[in-house]
$ cat upload_4.tsv   # TSV, C-alpha atoms
chain	number	residue	atom	x	y	z
A	7	MET	CA	-14.61	-17.85	5.53
A	8	ASN	CA	-11.54	-20.12	5.69
A	9	ILE	CA	-9.11	-18.64	3.16
A	10	MET	CA	-5.68	-20.03	2.27
A	11	ILE	CA	-3.19	-17.62	0.71
A	12	VAL	CA	-0.19	-19.28	-0.96
A	13	GLY	CA	2.79	-16.94	-1.28
A	14	ALA	CA	1.67	-14.85	1.68
A	15	SER	CA	4.78	-13.52	3.40
A	16	ARG	CA	5.33	-10.25	1.55
A	17	GLY	CA	4.11	-7.92	-1.16
A	18	LEU	CA	0.64	-8.66	-2.46
A	19	GLY	CA	0.34	-11.87	-0.46
A	20	ARG	CA	1.02	-10.08	2.81
A	21	ALA	CA	-1.43	-7.32	1.88
A	22	LEU	CA	-4.09	-9.97	1.28
A	23	VAL	CA	-3.36	-11.53	4.67
A	24	ASP	CA	-3.67	-8.17	6.44
A	25	GLY	CA	-6.78	-7.11	4.53
A	26	LEU	CA	-8.71	-10.35	4.85
A	27	LEU	CA	-7.82	-10.72	8.53
A	28	ALA	CA	-9.18	-7.22	9.07
A	29	ASP	CA	-12.40	-8.32	7.36
A	30	GLY	CA	-12.83	-11.08	9.93
A	31	HIS	CA	-11.90	-14.08	7.79
A	32	ALA	CA	-9.86	-17.01	9.07
A	33	VAL	CA	-6.60	-16.95	7.10
A	34	ILE	CA	-4.07	-19.71	6.48
A	35	GLY	CA	-0.83	-18.24	5.14
A	36	VAL	CA	1.69	-20.33	3.22
A	37	SER	CA	5.24	-19.24	2.50
A	38	ARG	CA	8.80	-20.46	2.71
A	39	GLN	CA	9.18	-19.02	6.20
A	40	GLN	CA	6.72	-17.56	8.69
A	41	PRO	CA	7.18	-13.77	8.85
A	42	ALA	CA	8.48	-12.44	12.13
A	43	ASP	CA	6.11	-9.46	12.16
A	44	LEU	CA	2.72	-11.17	12.05
A	45	PRO	CA	-0.02	-9.30	13.94
A	46	ALA	CA	-0.36	-10.44	17.54
A	47	GLY	CA	-3.58	-11.55	19.20
A	48	GLN	CA	-5.10	-13.26	16.15
A	49	GLY	CA	-5.52	-16.61	17.91
A	50	ALA	CA	-7.28	-19.21	15.77
A	51	GLN	CA	-8.02	-16.62	13.09
A	52	LEU	CA	-4.49	-16.85	11.65
A	53	GLN	CA	-2.55	-20.03	10.88
A	54	TRP	CA	0.80	-20.18	9.12
A	55	ILE	CA	2.31	-23.10	7.21
A	56	ALA	CA	6.02	-22.87	6.38
A	57	ALA	CA	6.77	-24.79	3.18
A	58	ASP	CA	9.23	-24.22	0.33
A	59	LEU	CA	7.45	-24.95	-2.94
A	60	ALA	CA	10.79	-24.99	-4.75
A	61	ALA	CA	10.78	-28.60	-3.47
A	62	PRO	CA	7.24	-29.43	-4.62
A	63	ALA	CA	6.71	-32.99	-3.39
A	64	GLU	CA	7.83	-32.33	0.17
A	65	ALA	CA	6.12	-28.94	0.39
A	66	VAL	CA	2.69	-30.05	-0.81
A	67	GLU	CA	2.63	-32.94	1.65
A	68	ARG	CA	3.50	-30.59	4.50
A	69	ILE	CA	0.75	-28.17	3.47
A	70	ALA	CA	-1.78	-30.96	3.02
A	71	ARG	CA	-1.08	-32.28	6.52
A	72	ALA	CA	-1.54	-28.88	8.14
A	73	ALA	CA	-4.40	-27.42	6.09
A	74	PRO	CA	-7.99	-27.49	7.38
A	75	ALA	CA	-10.41	-30.11	6.06
A	76	THR	CA	-12.58	-27.41	4.51
A	77	LEU	CA	-11.44	-24.31	2.64
A	78	ASP	CA	-13.84	-21.71	1.28
A	79	ALA	CA	-11.23	-20.00	-0.89
A	80	VAL	CA	-7.67	-20.50	-2.05
A	81	ILE	CA	-5.71	-17.52	-3.36
A	82	TYR	CA	-2.70	-18.88	-5.20
A	83	ASN	CA	-0.26	-16.00	-5.33
A	84	LEU	CA	3.04	-17.83	-5.77
A	85	GLY	CA	5.41	-17.09	-8.63
A	86	VAL	CA	9.13	-16.57	-9.09
A	87	TRP	CA	10.93	-15.01	-12.02
A	88	GLU	CA	14.35	-14.75	-13.59
A	89	GLU	CA	17.11	-13.01	-11.66
A	90	LYS	CA	17.30	-10.17	-14.20
A	91	ALA	CA	13.63	-10.19	-15.23
A	92	PHE	CA	11.93	-6.86	-15.98
A	93	SER	CA	15.24	-5.09	-16.46
A	94	ASP	CA	17.29	-4.09	-19.47
A	95	ASP	CA	19.87	-6.71	-18.44
A	96	TYR	CA	17.57	-9.70	-18.98
A	97	ALA	CA	18.86	-12.15	-21.61
A	98	PHE	CA	17.20	-15.53	-22.11
A	99	LEU	CA	20.36	-17.14	-23.48
A	100	GLU	CA	22.15	-16.35	-20.22
A	101	ASP	CA	19.56	-18.07	-18.01
A	102	GLY	CA	21.07	-21.11	-16.31
A	103	ASP	CA	19.47	-24.50	-16.97
A	104	ASP	CA	19.14	-25.27	-13.27
A	105	ALA	CA	17.46	-21.93	-12.65
A	106	ILE	CA	14.94	-22.61	-15.42
A	107	VAL	CA	14.13	-26.05	-13.98
A	108	ASP	CA	13.69	-24.55	-10.51
A	109	MET	CA	11.31	-21.90	-11.86
A	110	VAL	CA	9.21	-24.50	-13.66
A	111	ASN	CA	9.08	-26.65	-10.52
A	112	THR	CA	8.03	-23.72	-8.35
A	113	ASN	CA	5.60	-22.04	-10.74
A	114	ILE	CA	4.01	-25.03	-12.49
A	115	THR	CA	4.77	-28.40	-10.89
A	116	ALA	CA	4.13	-27.20	-7.33
A	117	THR	CA	0.93	-25.45	-8.40
A	118	ILE	CA	-0.55	-28.57	-9.98
A	119	LEU	CA	0.47	-30.88	-7.14
A	120	LEU	CA	-0.81	-28.57	-4.42
A	121	LEU	CA	-4.13	-27.84	-6.12
A	122	LYS	CA	-4.65	-31.57	-6.55
A	123	ARG	CA	-4.65	-31.79	-2.76
A	124	LEU	CA	-6.56	-28.59	-2.05
A	125	VAL	CA	-9.44	-28.84	-4.52
A	126	PRO	CA	-11.21	-31.60	-2.51
A	127	ARG	CA	-11.10	-29.31	0.53
A	128	LEU	CA	-12.59	-26.50	-1.51
A	129	LEU	CA	-15.37	-28.77	-2.75
A	130	ALA	CA	-16.33	-29.39	0.88
A	131	SER	CA	-17.39	-25.72	1.06
A	132	SER	CA	-20.84	-24.48	0.11
A	133	LYS	CA	-19.23	-21.71	-2.00
A	134	PRO	CA	-15.76	-22.80	-3.16
A	135	GLN	CA	-13.52	-20.25	-4.88
A	136	LEU	CA	-10.06	-20.47	-6.39
A	137	ILE	CA	-8.25	-17.25	-7.32
A	138	LEU	CA	-5.03	-17.66	-9.31
A	139	THR	CA	-2.71	-14.67	-9.49
A	140	GLY	CA	-1.50	-14.54	-13.05
A	141	SER	CA	0.31	-11.78	-14.88
A	142	THR	CA	-0.07	-9.62	-17.94
A	143	SER	CA	3.17	-11.36	-18.98
A	144	GLY	CA	1.05	-14.49	-19.47
A	145	LEU	CA	-1.21	-12.83	-22.03
A	146	ARG	CA	-0.69	-13.04	-25.77
A	147	GLN	CA	1.44	-10.24	-27.18
A	148	SER	CA	2.36	-9.09	-23.67
A	149	GLY	CA	5.41	-7.23	-24.91
A	150	ARG	CA	7.72	-8.94	-22.40
A	151	PRO	CA	10.79	-11.08	-23.27
A	152	GLU	CA	11.09	-13.19	-20.06
A	153	VAL	CA	10.69	-16.69	-21.50
A	154	THR	CA	10.35	-18.97	-18.47
A	155	PHE	CA	8.27	-16.59	-16.36
A	156	SER	CA	5.92	-15.89	-19.28
A	157	ALA	CA	5.63	-19.61	-20.04
A	158	SER	CA	4.73	-20.37	-16.44
A	159	LYS	CA	2.01	-17.71	-16.42
A	160	PHE	CA	0.63	-19.08	-19.70
A	161	ALA	CA	0.56	-22.46	-17.95
A	162	LEU	CA	-1.38	-20.96	-15.06
A	163	ASN	CA	-4.07	-19.88	-17.51
A	164	GLY	CA	-4.28	-23.45	-18.76
A	165	ILE	CA	-4.58	-24.75	-15.20
A	166	ALA	CA	-7.41	-22.29	-14.54
A	167	ASP	CA	-9.29	-23.28	-17.70
A	168	ALA	CA	-9.00	-26.99	-17.01
A	169	LEU	CA	-10.03	-26.78	-13.35
A	170	ARG	CA	-12.93	-24.53	-14.24
A	171	GLU	CA	-14.35	-27.07	-16.65
A	172	GLY	CA	-13.44	-30.11	-14.59
A	173	PHE	CA	-15.26	-28.90	-11.48
A	174	ARG	CA	-17.96	-26.59	-12.84
A	175	GLU	CA	-20.72	-29.02	-11.84
A	176	GLN	CA	-19.40	-29.07	-8.27
A	177	GLY	CA	-19.69	-25.27	-8.12
A	178	LEU	CA	-15.99	-24.38	-8.08
A	179	ALA	CA	-15.49	-20.78	-9.20
A	180	VAL	CA	-12.04	-20.27	-10.75
A	181	THR	CA	-10.78	-16.75	-11.41
A	182	ALA	CA	-7.51	-15.78	-13.11
A	183	LEU	CA	-6.23	-12.36	-12.09
A	184	GLN	CA	-3.89	-11.04	-14.77
A	185	LEU	CA	-1.98	-8.33	-12.93
A	186	GLY	CA	0.40	-5.75	-14.29
A	187	TYR	CA	3.30	-4.18	-12.45
A	188	LEU	CA	2.58	-3.85	-8.72
A	189	ASN	CA	3.72	-1.40	-6.10
A	190	THR	CA	4.84	-3.95	-3.52
A	191	TYR	CA	6.78	-1.37	-1.51
A	192	ASP	CA	3.71	0.13	0.17
A	193	GLY	CA	1.50	-2.13	2.25
A	194	LEU	CA	-2.04	-1.43	3.37
A	195	SER	CA	-0.76	0.73	6.24
A	196	VAL	CA	0.30	3.33	3.64
A	197	PRO	CA	-2.61	5.57	2.55
A	198	LEU	CA	-3.98	4.61	-0.87
A	199	ALA	CA	-3.29	8.04	-2.38
A	200	ALA	CA	0.37	7.84	-1.40
A	201	ALA	CA	0.71	4.26	-2.68
A	202	ALA	CA	-0.96	5.21	-5.97
A	203	ALA	CA	1.44	8.12	-6.45
A	204	ARG	CA	4.48	5.84	-6.45
A	205	GLY	CA	5.48	5.07	-10.02
A	206	GLU	CA	3.43	7.92	-11.49
A	207	GLY	CA	0.64	5.70	-12.74
A	208	GLU	CA	2.84	2.80	-13.84
A	209	LEU	CA	2.43	0.70	-10.66
A	210	ILE	CA	-0.74	-0.79	-9.18
A	211	PRO	CA	-1.18	-0.31	-5.41
A	212	VAL	CA	-1.76	-3.61	-3.62
A	213	HIS	CA	-4.77	-1.87	-2.07
A	214	ASP	CA	-6.53	-2.06	-5.43
A	215	VAL	CA	-5.90	-5.79	-5.81
A	216	VAL	CA	-7.15	-6.42	-2.27
A	217	ALA	CA	-10.31	-4.47	-3.18
A	218	VAL	CA	-10.84	-6.69	-6.23
A	219	VAL	CA	-10.35	-9.87	-4.18
A	220	ARG	CA	-12.86	-8.62	-1.63
A	221	MET	CA	-15.33	-8.12	-4.46
A	222	LEU	CA	-14.72	-11.63	-5.80
A	223	LEU	CA	-15.26	-13.17	-2.37
A	224	SER	CA	-18.50	-11.26	-1.94
A	225	LEU	CA	-20.18	-12.61	-5.09
A	226	SER	CA	-23.03	-15.07	-4.81
A	227	ASN	CA	-22.53	-18.67	-5.91
A	228	ALA	CA	-24.60	-17.94	-9.03
A	229	SER	CA	-21.83	-15.95	-10.74
A	230	PHE	CA	-18.06	-15.62	-10.96
A	231	VAL	CA	-15.40	-13.62	-12.74
A	232	ARG	CA	-13.62	-15.87	-15.22
A	233	GLU	CA	-10.66	-13.59	-15.90
A	234	LEU	CA	-9.75	-10.06	-14.91
A	235	VAL	CA	-6.97	-8.13	-16.62
A	236	MET	CA	-5.65	-5.37	-14.37
A	237	PRO	CA	-2.74	-3.35	-15.76
A	238	ALA	CA	-1.50	-0.05	-14.45
A	239	LEU	CA	-3.26	2.90	-16.08
A	240	ARG	CA	-0.11	4.10	-17.82
A	241	ASP	CA	1.13	0.69	-18.90
A	242	GLU	CA	1.39	1.35	-22.63
A	243	ARG	CA	1.34	-2.38	-23.45
A	244	PHE	CA	-2.36	-2.35	-22.57

$ encode --input "upload_4.tsv" --output "structure tokens"
Amino acid sequence: MNIMIVGASRGLGRALVDGLLADGHAVIGVSRQQPADLPAGQGAQLQWIAADLAAPAEAVERIARAAPATLDAVIYNLGVWEEKAFSDDYAFLEDGDDAIVDMVNTNITATILLLKRLVPRLLASSKPQLILTGSTSGLRQSGRPEVTFSASKFALNGIADALREGFREQGLAVTALQLGYLNTYDGLSVPLAAAAARGEGELIPVHDVVAVVRMLLSLSNASFVRELVMPALRDERF
């Protein structure tokens, strides 16, 4: 399969690159900069596109020029949040206006513009799939106060719903993954048991998300997962 991963340089995105490459897929990674530690010897199996989606118009044109004509799956994993998000120091009224605009451009504007260019390439596949990495912060009554990040993840749900209905007849499967707090410190090279122990049940190992994505990619074109909510086991909000 030809799989594009947007937001691929670190954390979950990098784990997806490593895992799907190991499965034998052709992977196109997209991030602001190409990582210096990419695995050697991948040849045509791994392509990297450097583009900064904080400048949406320029970035999407660069990606569109470099992307293959046919994509079997796009995993959209990009998302930025407030400087003090997920900490006791977060305060909405202290968020700068420019920072809010930049977040909206990166998380919403860039997403819509890029998917507008990538969906036709997905529709050229016999089994097109779009996986959008959302967040439990984008669910109703999430229990989180981060205004702009939460709003952008709510928007991602709307994008998923609209694309799903707009291209259902063309066979496009659109899945929203609503993820809780991730352990992004431990990549796939760390044993699963050790990664799961970090955070004492309050962090999801990236290994588990990669396993879910593998499952989604393995489904037939007769079914799909519309939405999957995946919090940590001890996340008391869920």

$ closest_residue --input "upload_4.tsv" --among "A:Thr181, A:Ala21, A:Gly186, A:Arg150" --to "Met221 (chain A)" --atoms "all atoms listed in the file"
A:Thr181

$ residues_around --input "upload_4.tsv" --residues "region 87-93 of chain A" --least-positions-apart "3" --cutoff "7 Å" --atoms "only C-alpha atoms" --output "VMD selection string"
chain A and resid 96 109 152 155

$ residues_around --input "upload_4.tsv" --residues "Gly205 (chain A)" --least-positions-apart "3" --cutoff "10 Å" --atoms "only C-alpha atoms" --output "short mmCIF file (atom, residue, chain, number, x, y, z; two decimals) with C-alpha atoms, keeping the file's coordinate frame"
data_model
loop_
_atom_site.label_atom_id
_atom_site.label_comp_id
_atom_site.auth_asym_id
_atom_site.auth_seq_id
_atom_site.Cartn_x
_atom_site.Cartn_y
_atom_site.Cartn_z
CA TYR A 187 3.30 -4.18 -12.45
CA LEU A 188 2.58 -3.85 -8.72
CA ASN A 189 3.72 -1.40 -6.10
CA ALA A 201 0.71 4.26 -2.68
CA ALA A 202 -0.96 5.21 -5.97
CA GLU A 208 2.84 2.80 -13.84
CA LEU A 209 2.43 0.70 -10.66
CA ILE A 210 -0.74 -0.79 -9.18
CA PRO A 211 -1.18 -0.31 -5.41
CA ALA A 238 -1.50 -0.05 -14.45
CA ARG A 240 -0.11 4.10 -17.82
#

$ atom_distance --input "upload_4.tsv" --atom1 "CA of Ser148 (chain A)" --atom2 "CA of Leu239 (chain A)"
15.3 Å

$ closest_residue --input "upload_4.tsv" --among "A:Leu183, A:Val110, A:Ile69, A:Leu129" --to "Ser158 (chain A)" --atoms "all atoms listed in the file"
A:Val110

$ closest_residue --input "upload_4.tsv" --among "A:Ser224, A:Asn111, A:Thr154, A:Gln135" --to "Ala65 (chain A)" --atoms "only C-alpha atoms"
A:Asn111

$ residues_near_point --input "upload_4.tsv" --point "(-10.4, -9.8, 1.6)" --cutoff "10 Å" --atoms "only C-alpha atoms" --output "PyMOL selection string"
chain A and resi 7+9+21-31+33+215-224

$ closest_residue --input "upload_4.tsv" --among "A:Gln184, A:Asn8, A:Thr115, A:Gln53" --to "Thr76 (chain A)" --atoms "all atoms listed in the file"
A:Asn8

$ closest_residue --input "upload_4.tsv" --among "A:Leu99, A:Ala166, A:Val107, A:Val12" --to "Tyr82 (chain A)" --atoms "all atoms listed in the file"
A:Val12

$ closest_residue --input "upload_4.tsv" --among "A:Leu162, A:Arg174, A:Pro151, A:Pro237" --to "Leu121 (chain A)" --atoms "all atoms listed in the file"
A:Leu162

$ residues_around --input "upload_4.tsv" --residues "Leu84 (chain A)" --least-positions-apart "3" --cutoff "8 Å" --atoms "all atoms listed in the file" --output "number ranges by chain"
A: 12-13, 113, 139

$ atom_distance --input "upload_4.tsv" --atom1 "CA of Lys159 (chain A)" --atom2 "CA of Pro41 (chain A)"
26.1 Å

$ atom_distance --input "upload_4.tsv" --atom1 "CA of Ile34 (chain A)" --atom2 "CA of Leu52 (chain A)"
5.9 Å

$ decode --input "upload_4.tsv" --residues "region 86-200 of chain A" --atoms "C-alpha atoms" --output "tab-separated table (two decimals), in the first residue's frame"
chain	number	residue	atom	x	y	z
A	86	VAL	CA	-0.47	21.67	17.59
A	87	TRP	CA	-1.66	22.98	20.92
A	88	GLU	CA	-1.26	25.91	23.26
A	89	GLU	CA	2.13	26.52	24.84
A	90	LYS	CA	0.81	25.75	28.33
A	91	ALA	CA	-1.83	23.20	27.30
A	92	PHE	CA	-2.43	20.19	29.56
A	93	SER	CA	-0.80	21.88	32.53
A	94	ASP	CA	-2.07	23.72	35.57
A	95	ASP	CA	-0.62	26.93	34.09
A	96	TYR	CA	-2.95	27.00	31.07
A	97	ALA	CA	-5.15	30.11	30.92
A	98	PHE	CA	-7.23	30.89	27.84
A	99	LEU	CA	-7.26	34.64	28.51
A	100	GLU	CA	-3.45	34.68	28.32
A	101	ASP	CA	-3.29	33.05	24.87
A	102	GLY	CA	-1.91	35.48	22.31
A	103	ASP	CA	-4.09	36.36	19.32
A	104	ASP	CA	-1.34	35.52	16.84
A	105	ALA	CA	-0.78	32.15	18.48
A	106	ILE	CA	-4.50	31.35	18.22
A	107	VAL	CA	-4.55	32.28	14.52
A	108	ASP	CA	-1.48	30.13	13.88
A	109	MET	CA	-3.09	27.15	15.61
A	110	VAL	CA	-6.27	27.50	13.57
A	111	ASN	CA	-4.24	27.76	10.36
A	112	THR	CA	-2.19	24.68	11.20
A	113	ASN	CA	-4.94	22.50	12.65
A	114	ILE	CA	-7.93	23.45	10.49
A	115	THR	CA	-7.07	25.53	7.41
A	116	ALA	CA	-4.10	23.37	6.40
A	117	THR	CA	-6.10	20.19	6.98
A	118	ILE	CA	-8.93	21.25	4.67
A	119	LEU	CA	-6.64	22.58	1.95
A	120	LEU	CA	-4.40	19.53	1.94
A	121	LEU	CA	-7.24	17.01	1.96
A	122	LYS	CA	-8.79	18.85	-0.97
A	123	ARG	CA	-5.67	17.93	-2.92
A	124	LEU	CA	-5.19	14.43	-1.54
A	125	VAL	CA	-8.71	13.03	-1.74
A	126	PRO	CA	-8.59	12.68	-5.57
A	127	ARG	CA	-5.40	10.62	-5.17
A	128	LEU	CA	-7.12	8.42	-2.62
A	129	LEU	CA	-10.07	7.91	-4.94
A	130	ALA	CA	-7.65	6.52	-7.53
A	131	SER	CA	-7.09	3.56	-5.17
A	132	SER	CA	-9.24	0.44	-5.17
A	133	LYS	CA	-9.52	0.69	-1.35
A	134	PRO	CA	-9.10	4.31	-0.25
A	135	GLN	CA	-8.80	5.07	3.48
A	136	LEU	CA	-8.46	8.29	5.43
A	137	ILE	CA	-7.55	8.11	9.12
A	138	LEU	CA	-7.77	11.38	11.05
A	139	THR	CA	-6.05	11.52	14.43
A	140	GLY	CA	-8.41	13.37	16.70
A	141	SER	CA	-8.37	13.69	20.46
A	142	THR	CA	-10.58	13.01	23.43
A	143	SER	CA	-10.32	16.79	23.89
A	144	GLY	CA	-12.55	17.07	20.81
A	145	LEU	CA	-15.36	15.07	22.38
A	146	ARG	CA	-18.31	16.62	24.20
A	147	GLN	CA	-17.74	17.06	27.92
A	148	SER	CA	-14.07	16.15	27.54
A	149	GLY	CA	-13.17	17.80	30.82
A	150	ARG	CA	-10.38	19.88	29.25
A	151	PRO	CA	-10.16	23.71	29.24
A	152	GLU	CA	-7.86	24.27	26.20
A	153	VAL	CA	-10.15	26.35	23.99
A	154	THR	CA	-8.35	26.55	20.63
A	155	PHE	CA	-6.98	23.00	20.65
A	156	SER	CA	-10.39	21.59	21.61
A	157	ALA	CA	-12.11	23.70	18.94
A	158	SER	CA	-9.72	22.44	16.28
A	159	LYS	CA	-10.34	18.82	17.24
A	160	PHE	CA	-14.11	19.42	17.15
A	161	ALA	CA	-13.52	20.82	13.66
A	162	LEU	CA	-11.66	17.66	12.68
A	163	ASN	CA	-14.74	15.63	13.58
A	164	GLY	CA	-16.80	17.85	11.29
A	165	ILE	CA	-14.28	17.38	8.47
A	166	ALA	CA	-14.48	13.61	8.93
A	167	ASP	CA	-18.28	13.58	8.88
A	168	ALA	CA	-18.50	15.74	5.77
A	169	LEU	CA	-15.87	13.82	3.79
A	170	ARG	CA	-17.45	10.53	4.79
A	171	GLU	CA	-20.81	11.54	3.35
A	172	GLY	CA	-19.40	13.41	0.38
A	173	PHE	CA	-17.37	10.45	-0.89
A	174	ARG	CA	-19.23	7.43	0.45
A	175	GLU	CA	-20.35	6.39	-3.04
A	176	GLN	CA	-16.73	6.47	-4.23
A	177	GLY	CA	-15.78	4.04	-1.44
A	178	LEU	CA	-13.73	6.39	0.75
A	179	ALA	CA	-13.52	5.03	4.30
A	180	VAL	CA	-13.02	7.83	6.83
A	181	THR	CA	-12.07	6.98	10.41
A	182	ALA	CA	-11.68	9.43	13.30
A	183	LEU	CA	-9.33	8.19	16.02
A	184	GLN	CA	-10.12	9.99	19.27
A	185	LEU	CA	-6.97	9.41	21.30
A	186	GLY	CA	-6.30	10.17	24.93
A	187	TYR	CA	-2.96	11.01	26.47
A	188	LEU	CA	-0.10	9.24	24.68
A	189	ASN	CA	3.27	8.01	25.83
A	190	THR	CA	5.33	9.62	23.08
A	191	TYR	CA	8.60	9.11	24.94
A	192	ASP	CA	8.90	5.41	24.07
A	193	GLY	CA	9.01	4.42	20.41
A	194	LEU	CA	8.42	0.97	18.98
A	195	SER	CA	11.98	-0.05	19.85
A	196	VAL	CA	10.98	0.00	23.53
A	197	PRO	CA	9.22	-3.23	24.61
A	198	LEU	CA	5.45	-2.82	24.92
A	199	ALA	CA	5.39	-3.82	28.59
A	200	ALA	CA	7.93	-1.14	29.46
